Amino acid sequence: GNNENGQLGNGSTDNSKVPVQVKIDEDTNLENIVKIASGTDHVIALANDGKVYAWGANGYGQLGQNNTESSNYAKIVLGTDGVSYLNNIVDISASAWGTVVLDKNGNVYVFGQGTYGEMGNNTTTSSNLPIKTSIENAIQVSIGEAQVATLTSEGVVWSWGLNNNGQLGINCTKNT
């Protein structure tokens, strides 16, 4: 497929008509992946050790690398402090320009485009590092075009972000 932003993760930006192995560097394949999600031009993968890898376009920081530089190799997503790595992740989702992940304790983290409030922190600022939301006890996460939804263990759905067509289900069209 198309690889202009390195979204094939094989160390190049050459398009490919056949499957290619995703790599973390020139000599090392990405392995032990249990879940994968793709945005428009970026991909995220959840490893069996609870770490998240990301590669491809990064114009809004959706790779969680504390920068906006695209990557044609899979990189481990940094933690909220920009030094450590996110860990104990159990669910992932990617949108056009954003990423949301869930850890085993029910904490939700969002990074990438924040233009419509996707970060869940009452701002319209994008973030190139994961931002922990105030949601607790989440068991599943999903991110759409520019809105995020989570399901909690109590069966409550929380949603925020772009709401121009009422997609948040809050009986109005105001972004939150």
# chains A, B, ... in the order shown; residues from 1 in each chain; ligands from 1
$ residues_around --residues "Gly64 (chain A)" --least-positions-apart "3" --cutoff "10 Å" --atoms "only C-alpha atoms" --output "list in words"
Val52, Tyr53, Ala54, Trp55, Asn58, Tyr60, Gly61, Asn67, Thr68, Lys75, Ile76, Val77, Leu78, Gly79, Thr80, Gly82, Tyr85, Leu86, Gly98, Thr99, Val110, Phe111, Gly112, Ser127, Asn128, Leu129, Pro130 and Ile131 of chain A
$ closest_residue --among "A:Ala146, A:Ile33, A:Val90, A:Leu151" --to "Asn165 (chain A)" --atoms "only C-alpha atoms"
A:Ala146
$ closest_residue --among "A:Lys17, A:Thr125, A:Val141, A:Val83" --to "Val100 (chain A)" --atoms "only C-alpha atoms"
A:Val141
$ residues_around --residues "Asn10 (chain A)" --least-positions-apart "2" --cutoff "6 Å" --atoms "only C-alpha atoms" --output "PyMOL selection string"
chain A and resi 8+12+22-23
$ write_last_selection --atoms "N, CA, C and O atoms" --output "PDB file, in the first residue's frame"
ATOM      1  N   LEU A   8       3.955   1.850   6.481  1.00  0.00           N
ATOM      2  CA  LEU A   8       4.175   0.404   6.390  1.00  0.00           C
ATOM      3  C   LEU A   8       5.178  -0.070   7.440  1.00  0.00           C
ATOM      4  O   LEU A   8       5.283  -1.267   7.696  1.00  0.00           O
ATOM      5  N   SER A  12      11.279   2.275   5.173  1.00  0.00           N
ATOM      6  CA  SER A  12      11.363   3.036   3.930  1.00  0.00           C
ATOM      7  C   SER A  12      10.103   3.875   3.759  1.00  0.00           C
ATOM      8  O   SER A  12       9.195   3.828   4.593  1.00  0.00           O
ATOM      9  N   VAL A  22       6.947  -5.254   9.563  1.00  0.00           N
ATOM     10  CA  VAL A  22       7.166  -4.029  10.327  1.00  0.00           C
ATOM     11  C   VAL A  22       8.432  -4.222  11.155  1.00  0.00           C
ATOM     12  O   VAL A  22       8.675  -5.289  11.703  1.00  0.00           O
ATOM     13  N   LYS A  23       9.231  -3.159  11.261  1.00  0.00           N
ATOM     14  CA  LYS A  23      10.508  -3.233  11.966  1.00  0.00           C
ATOM     15  C   LYS A  23      10.611  -2.122  13.006  1.00  0.00           C
ATOM     16  O   LYS A  23       9.996  -1.081  12.867  1.00  0.00           O
TER      17      LYS A  23
END
$ residues_around --residues "Ile139 (chain A)" --least-positions-apart "4" --cutoff "7 Å" --atoms "only C-alpha atoms" --output "list in words"
Gly106, Leu151, Thr152 and Ser153 of chain A
$ residues_around --residues "region 41-43 of chain A" --least-positions-apart "5" --cutoff "8 Å" --atoms "only C-alpha atoms" --output "PyMOL selection string"
chain A and resi 5+7+36+54-58+62-63+94+96-97
$ select_by_dssp --residues "region 100-153 of chain A" --states "strand (DSSP E)" --output "ChimeraX atom specification"
/A:100-103,108-112,127-132,138-143,147-152
$ closest_residue --among "A:Gly155, A:Gly39, A:Gly59, A:Gly117" --to "Ser93 (chain A)" --atoms "only C-alpha atoms"
A:Gly39
